[in-house]
Amino acid sequence: MSLKKRGNTWYIDFVTSSGERIRRSAGTADKAQAKELHDKLKAESWRVDKLGDKPDYTWDDAAHKFLLETQHKATHKDDINRLRWVQQFLRGKFLSEIDRELIGSIGEIKAKEASPSTANRTLAVIRSILRKAMLDWEWIDKVPRIRLYKEAKRRVRWITPEQVKTLLAELAPHQRDMVLFALSTGLRQGNVLQLEWSQVDLARQVCWIHPDQAKARKAIHVPLNSVAMDVLMRQVGKHPQRVFSLRGEPIAWANTKSWRNALKRAEIENFRWHDLRHTWASWLAQQGTPLNVLQELGGWESEAMVRRYAHLAPAQLMEHSEKFATMLNGTNMAHLK
């Protein structure tokens, strides 16, 4: 057996019967686990060399290849964090050993630890990797059926203009400007915090989000209203690169203790920074903004994402409903007793 420990991690090092040298991390500080993986890999290499069997890849091989091929994804960092958590259950296992029962047990643990929706995100990554292993890489012949949890539809959380006024009064000046800008543009937290002056044209009153910065990976053209312009003019000269800064340094995070304390003082409950985007969209919908226009302004990839706000435009819907009533009245049927 060839096991060597470097720091807290065991490494595998052996030569196959065909003369190929296998050197890799066991990904664990537990010697027994490292030995188990070592023996599996050695036995597998013998079957491939002597019996001509198809190589049996491990979960580690698949997860590593998946991350290399999906670096472009907007959720790449989230995938890395989810896979780090999954490693405790699938480290060193051959893909052929991963069945529906094992995946189900992982989902149950995550659902209890966090929530069904969080468990679904984890299960979705596992499913994506196994599907690639079957369809793209041809490493396995089939994928176990993975059943996701039912998720309750969450209502759209937004606040009224009166609540916004109360909240702004409780915020520090730099936070107030970021909130005003988010409410005026509908931009996500990351896009507000990472906005650079190179993305702003004050003369044309526009700014833009590059495709690699947008969740849908499509460029977003953002018109700047008078409130947004006032906010930007207050930021001029504070930092050479970033639009929003504090004491000469870019602001890295908005969901701070100060933000949460301001919400408490304003007596606004169950409200996240991202709900500023929901508030922006909700207000526009209530003012009769067509959903296709709202989709374009918000940079949503699908129409389904925008339909969450359709119920907030009753006046607009009533206008169309009344057109039918006018036609019906013209038939005299509406006056029949």
# chains A, B, ... in the order shown; residues from 1 in each chain; ligands from 1
call {"tool": "select_by_dssp", "arguments": {"residues": "segment 27-257 of chain A", "states": "helix (DSSP H, G or I)", "output": "VMD selection string"}}
result
chain A and resid 31 to 51 59 to 69 76 to 90 95 to 97 100 to 113 116 to 135 161 to 170 173 to 185 189 to 193 197 to 199 211 to 213 226 to 235 257
call {"tool": "residues_around", "arguments": {"residues": "His64 of chain A", "least_positions_apart": "6", "cutoff": "12 Å", "atoms": "only C-alpha atoms", "output": "ChimeraX atom specification"}}
result
/A:57-58,70-71,79-80,83-84,87,91,129,133
call {"tool": "residues_around", "arguments": {"residues": "Glu151 of chain A", "least_positions_apart": "3", "cutoff": "9 Å", "atoms": "only C-alpha atoms", "output": "number ranges by chain"}}
result
A: 116-117, 120, 148, 154
call {"tool": "write_last_selection", "arguments": {"atoms": "N, CA and C atoms", "output": "PDB file, in the first residue's frame"}}
result
ATOM      1  N   PRO A 116     -36.135  22.404   2.561  1.00  0.00           N
ATOM      2  CA  PRO A 116     -36.361  21.627   1.334  1.00  0.00           C
ATOM      3  C   PRO A 116     -35.824  22.323   0.086  1.00  0.00           C
ATOM      4  N   SER A 117     -35.964  23.649   0.019  1.00  0.00           N
ATOM      5  CA  SER A 117     -35.476  24.371  -1.159  1.00  0.00           C
ATOM      6  C   SER A 117     -33.947  24.299  -1.253  1.00  0.00           C
ATOM      7  N   ASN A 120     -33.013  20.936  -2.444  1.00  0.00           N
ATOM      8  CA  ASN A 120     -33.239  20.813  -3.891  1.00  0.00           C
ATOM      9  C   ASN A 120     -32.078  21.373  -4.694  1.00  0.00           C
ATOM     10  N   LEU A 148     -37.050  15.515  -6.220  1.00  0.00           N
ATOM     11  CA  LEU A 148     -36.890  16.772  -5.500  1.00  0.00           C
ATOM     12  C   LEU A 148     -38.062  16.992  -4.545  1.00  0.00           C
ATOM     13  N   ARG A 154     -43.269  31.137  -2.632  1.00  0.00           N
ATOM     14  CA  ARG A 154     -43.076  32.276  -1.737  1.00  0.00           C
ATOM     15  C   ARG A 154     -43.703  33.525  -2.332  1.00  0.00           C
TER      16      ARG A 154
END
call {"tool": "atom_distance", "arguments": {"atom1": "atom CA of Val156 of chain A", "atom2": "atom CA of Ile268 of chain A"}}
result
14.9 Å
call {"tool": "closest_residue", "arguments": {"among": "A:Leu187, A:Lys218, A:Gln175, A:Val206", "to": "Thr256 of chain A", "atoms": "only C-alpha atoms"}}
result
A:Gln175
call {"tool": "atom_distance", "arguments": {"atom1": "atom CA of Trp139 of chain A", "atom2": "atom CA of Thr28 of chain A"}}
result
24.3 Å
call {"tool": "closest_residue", "arguments": {"among": "A:Gly190, A:Arg217, A:Pro161, A:Gln88", "to": "His72 of chain A", "atoms": "only C-alpha atoms"}}
result
A:Arg217
call {"tool": "residues_around", "arguments": {"residues": "Ala304 of chain A", "least_positions_apart": "3", "cutoff": "12 Å", "atoms": "only C-alpha atoms", "output": "list in words"}}
result
Leu291, Asn292, Leu294, Gln295, Trp300, Glu301, Arg307, Arg308, Tyr309 and Ala310 of chain A
call {"tool": "write_last_selection", "arguments": {"atoms": "N, CA and C atoms", "output": "mmCIF file, in the first residue's frame"}}
result
data_model
loop_
_atom_site.group_PDB
_atom_site.id
_atom_site.type_symbol
_atom_site.label_atom_id
_atom_site.label_comp_id
_atom_site.auth_asym_id
_atom_site.auth_seq_id
_atom_site.Cartn_x
_atom_site.Cartn_y
_atom_site.Cartn_z
ATOM 1 N N LEU A 291 -45.445 43.980 -18.702
ATOM 2 C CA LEU A 291 -44.531 42.972 -18.190
ATOM 3 C C LEU A 291 -43.314 42.771 -19.088
ATOM 4 N N ASN A 292 -43.491 42.931 -20.407
ATOM 5 C CA ASN A 292 -42.337 42.762 -21.294
ATOM 6 C C ASN A 292 -41.313 43.876 -21.094
ATOM 7 N N LEU A 294 -40.956 45.477 -18.175
ATOM 8 C CA LEU A 294 -40.382 45.182 -16.864
ATOM 9 C C LEU A 294 -39.302 44.115 -16.980
ATOM 10 N N GLN A 295 -39.560 43.119 -17.825
ATOM 11 C CA GLN A 295 -38.570 42.052 -18.030
ATOM 12 C C GLN A 295 -37.283 42.606 -18.613
ATOM 13 N N TRP A 300 -34.418 40.019 -16.621
ATOM 14 C CA TRP A 300 -34.835 38.638 -16.363
ATOM 15 C C TRP A 300 -34.751 37.828 -17.646
ATOM 16 N N GLU A 301 -34.348 36.577 -17.514
ATOM 17 C CA GLU A 301 -34.184 35.722 -18.684
ATOM 18 C C GLU A 301 -35.525 35.206 -19.199
ATOM 19 N N ARG A 307 -43.856 37.311 -14.200
ATOM 20 C CA ARG A 307 -45.281 37.120 -13.932
ATOM 21 C C ARG A 307 -45.608 37.130 -12.436
ATOM 22 N N ARG A 308 -44.587 37.060 -11.606
ATOM 23 C CA ARG A 308 -44.810 37.152 -10.158
ATOM 24 C C ARG A 308 -45.424 38.486 -9.773
ATOM 25 N N TYR A 309 -45.256 39.485 -10.644
ATOM 26 C CA TYR A 309 -45.726 40.827 -10.322
ATOM 27 C C TYR A 309 -47.016 41.192 -11.060
ATOM 28 N N ALA A 310 -47.543 40.251 -11.867
ATOM 29 C CA ALA A 310 -48.718 40.552 -12.688
ATOM 30 C C ALA A 310 -49.938 40.902 -11.832
#
call {"tool": "atom_distance", "arguments": {"atom1": "atom CA of Ser17 of chain A", "atom2": "atom CA of Trp46 of chain A"}}
result
6.6 Å
call {"tool": "select_by_dssp", "arguments": {"residues": "segment 120-323 of chain A", "states": "strand (DSSP E or B)", "output": "ChimeraX atom specification"}}
result
/A:196,200-201,206-209,220-223,242,245-246,249-250
call {"tool": "closest_residue", "arguments": {"among": "A:Ala219, A:Trp253, A:Asp60, A:Gly288", "to": "Phe94 of chain A", "atoms": "only C-alpha atoms"}}
result
A:Asp60
call {"tool": "closest_residue", "arguments": {"among": "A:Lys40, A:Asn81, A:Tyr149, A:His311", "to": "Lys112 of chain A", "atoms": "only C-alpha atoms"}}
result
A:Tyr149
call {"tool": "residues_around", "arguments": {"residues": "segment 223-234 of chain A", "least_positions_apart": "5", "cutoff": "10 Å", "atoms": "only C-alpha atoms", "output": "mmCIF file with C-alpha atoms, in the first residue's frame"}}
result
data_model
loop_
_atom_site.group_PDB
_atom_site.id
_atom_site.type_symbol
_atom_site.label_atom_id
_atom_site.label_comp_id
_atom_site.auth_asym_id
_atom_site.auth_seq_id
_atom_site.Cartn_x
_atom_site.Cartn_y
_atom_site.Cartn_z
ATOM 1 C CA HIS A 174 -23.682 55.721 2.397
ATOM 2 C CA ARG A 176 -29.129 55.451 2.114
ATOM 3 C CA ASP A 177 -27.546 56.230 -1.253
ATOM 4 C CA MET A 178 -27.110 52.544 -2.110
ATOM 5 C CA VAL A 179 -30.731 51.801 -1.198
ATOM 6 C CA LEU A 180 -31.986 54.750 -3.247
ATOM 7 C CA PHE A 181 -29.930 53.607 -6.216
ATOM 8 C CA ALA A 182 -31.169 50.006 -5.888
ATOM 9 C CA LEU A 183 -34.775 51.175 -5.665
ATOM 10 C CA SER A 184 -34.316 53.466 -8.670
ATOM 11 C CA THR A 185 -32.682 50.866 -10.932
ATOM 12 C CA TRP A 197 -17.450 54.360 -13.172
ATOM 13 C CA VAL A 200 -21.651 54.753 -16.156
ATOM 14 C CA ASP A 201 -22.373 57.462 -18.717
ATOM 15 C CA LEU A 202 -23.579 60.502 -16.790
ATOM 16 C CA ARG A 204 -26.503 59.993 -21.464
ATOM 17 C CA GLN A 205 -27.953 59.096 -18.033
ATOM 18 C CA VAL A 206 -27.371 55.344 -18.425
ATOM 19 C CA CYS A 207 -25.282 52.605 -16.903
ATOM 20 C CA TRP A 208 -24.873 48.996 -17.960
ATOM 21 C CA VAL A 243 -19.133 54.038 -7.605
ATOM 22 C CA PHE A 244 -20.015 53.183 -4.003
ATOM 23 C CA LEU A 297 -35.527 46.657 -17.450
#
call {"tool": "residues_around", "arguments": {"residues": "Ala252 of chain A", "least_positions_apart": "3", "cutoff": "9 Å", "atoms": "only C-alpha atoms", "output": "PyMOL selection string"}}
result
chain A and resi 190+193-194+245+249
call {"tool": "decode", "arguments": {"residues": "segment 107-220 of chain A", "atoms": "C-alpha atoms", "output": "compact mmCIF listing (two decimals), in the first residue's frame"}}
result
# COMPACT_ATOMS: atom_id res chain seq x y z
CA GLY A 107 -31.27 15.12 0.46
CA GLU A 108 -32.99 14.24 3.75
CA ILE A 109 -30.00 15.37 5.78
CA LYS A 110 -29.78 18.67 3.92
CA ALA A 111 -33.52 19.29 4.19
CA LYS A 112 -33.40 18.82 7.97
CA GLU A 113 -30.22 20.87 8.30
CA ALA A 114 -31.47 23.77 6.16
CA SER A 115 -34.72 23.61 4.17
CA PRO A 116 -36.36 21.63 1.33
CA SER A 117 -35.48 24.37 -1.16
CA THR A 118 -31.81 24.30 -0.10
CA ALA A 119 -31.85 20.51 -0.35
CA ASN A 120 -33.24 20.81 -3.89
CA ARG A 121 -30.37 23.06 -4.95
CA THR A 122 -27.91 20.46 -3.65
CA LEU A 123 -29.73 17.55 -5.29
CA ALA A 124 -29.87 19.49 -8.57
CA VAL A 125 -26.07 19.80 -8.65
CA ILE A 126 -25.67 16.06 -7.99
CA ARG A 127 -28.14 15.32 -10.78
CA SER A 128 -26.35 17.66 -13.20
CA ILE A 129 -23.02 15.96 -12.57
CA LEU A 130 -24.43 12.46 -13.04
CA ARG A 131 -26.24 13.50 -16.21
CA LYS A 132 -23.02 14.89 -17.66
CA ALA A 133 -21.26 11.67 -16.68
CA MET A 134 -23.84 9.72 -18.70
CA LEU A 135 -24.65 11.99 -21.65
CA ASP A 136 -21.44 13.96 -22.24
CA TRP A 137 -18.60 11.86 -20.88
CA GLU A 138 -20.15 8.38 -21.28
CA TRP A 139 -18.76 7.29 -17.94
CA ILE A 140 -21.98 5.62 -16.75
CA ASP A 141 -24.93 4.01 -18.50
CA LYS A 142 -27.78 5.48 -16.45
CA VAL A 143 -28.58 8.09 -13.82
CA PRO A 144 -30.55 7.24 -10.66
CA ARG A 145 -33.92 8.94 -10.46
CA ILE A 146 -33.61 11.91 -8.14
CA ARG A 147 -36.84 13.12 -6.56
CA LEU A 148 -36.89 16.77 -5.50
CA TYR A 149 -38.88 18.16 -2.58
CA LYS A 150 -42.03 20.18 -3.08
CA GLU A 151 -41.41 23.84 -2.39
CA ALA A 152 -43.99 26.27 -1.16
CA LYS A 153 -44.43 29.22 -3.49
CA ARG A 154 -43.08 32.28 -1.74
CA ARG A 155 -44.92 35.54 -1.95
CA VAL A 156 -43.15 38.56 -3.36
CA ARG A 157 -41.93 40.71 -0.47
CA TRP A 158 -42.07 44.45 -1.06
CA ILE A 159 -42.63 47.56 1.04
CA THR A 160 -44.70 50.71 0.59
CA PRO A 161 -43.40 54.22 -0.17
CA GLU A 162 -44.18 55.18 3.45
CA GLN A 163 -42.06 52.29 4.73
CA VAL A 164 -39.23 53.23 2.39
CA LYS A 165 -39.30 56.79 3.74
CA THR A 166 -39.07 55.46 7.31
CA LEU A 167 -36.22 53.10 6.41
CA LEU A 168 -34.19 55.78 4.64
CA ALA A 169 -34.37 57.98 7.74
CA GLU A 170 -32.74 55.19 9.78
CA LEU A 171 -29.85 54.50 7.41
CA ALA A 172 -26.35 55.96 7.40
CA PRO A 173 -25.71 58.28 4.40
CA HIS A 174 -23.68 55.72 2.40
CA GLN A 175 -26.33 53.04 2.96
CA ARG A 176 -29.13 55.45 2.11
CA ASP A 177 -27.55 56.23 -1.25
CA MET A 178 -27.11 52.54 -2.11
CA VAL A 179 -30.73 51.80 -1.20
CA LEU A 180 -31.99 54.75 -3.25
CA PHE A 181 -29.93 53.61 -6.22
CA ALA A 182 -31.17 50.01 -5.89
CA LEU A 183 -34.77 51.17 -5.67
CA SER A 184 -34.32 53.47 -8.67
CA THR A 185 -32.68 50.87 -10.93
CA GLY A 186 -33.85 47.46 -9.68
CA LEU A 187 -30.26 46.19 -9.74
CA ARG A 188 -29.19 43.25 -7.61
CA GLN A 189 -26.95 43.79 -4.58
CA GLY A 190 -23.79 42.56 -6.31
CA ASN A 191 -24.36 44.78 -9.33
CA VAL A 192 -24.82 47.85 -7.12
CA LEU A 193 -21.78 47.18 -4.94
CA GLN A 194 -19.48 46.27 -7.85
CA LEU A 195 -20.63 49.03 -10.19
CA GLU A 196 -17.65 50.90 -11.66
CA TRP A 197 -17.45 54.36 -13.17
CA SER A 198 -16.45 52.74 -16.47
CA GLN A 199 -20.00 51.35 -16.61
CA VAL A 200 -21.65 54.75 -16.16
CA ASP A 201 -22.37 57.46 -18.72
CA LEU A 202 -23.58 60.50 -16.79
CA ALA A 203 -24.12 62.55 -19.94
CA ARG A 204 -26.50 59.99 -21.46
CA GLN A 205 -27.95 59.10 -18.03
CA VAL A 206 -27.37 55.34 -18.42
CA CYS A 207 -25.28 52.61 -16.90
CA TRP A 208 -24.87 49.00 -17.96
CA ILE A 209 -24.18 45.58 -16.48
CA HIS A 210 -21.84 43.37 -18.49
CA PRO A 211 -23.04 39.84 -19.41
CA ASP A 212 -20.55 38.17 -17.06
CA GLN A 213 -21.92 40.28 -14.18
CA ALA A 214 -25.59 39.49 -14.84
CA LYS A 215 -27.38 36.47 -13.41
CA ALA A 216 -28.96 35.67 -16.79
CA ARG A 217 -25.58 36.22 -18.51
CA LYS A 218 -27.09 38.92 -20.72
CA ALA A 219 -26.08 42.58 -20.72
CA ILE A 220 -28.49 44.91 -18.91
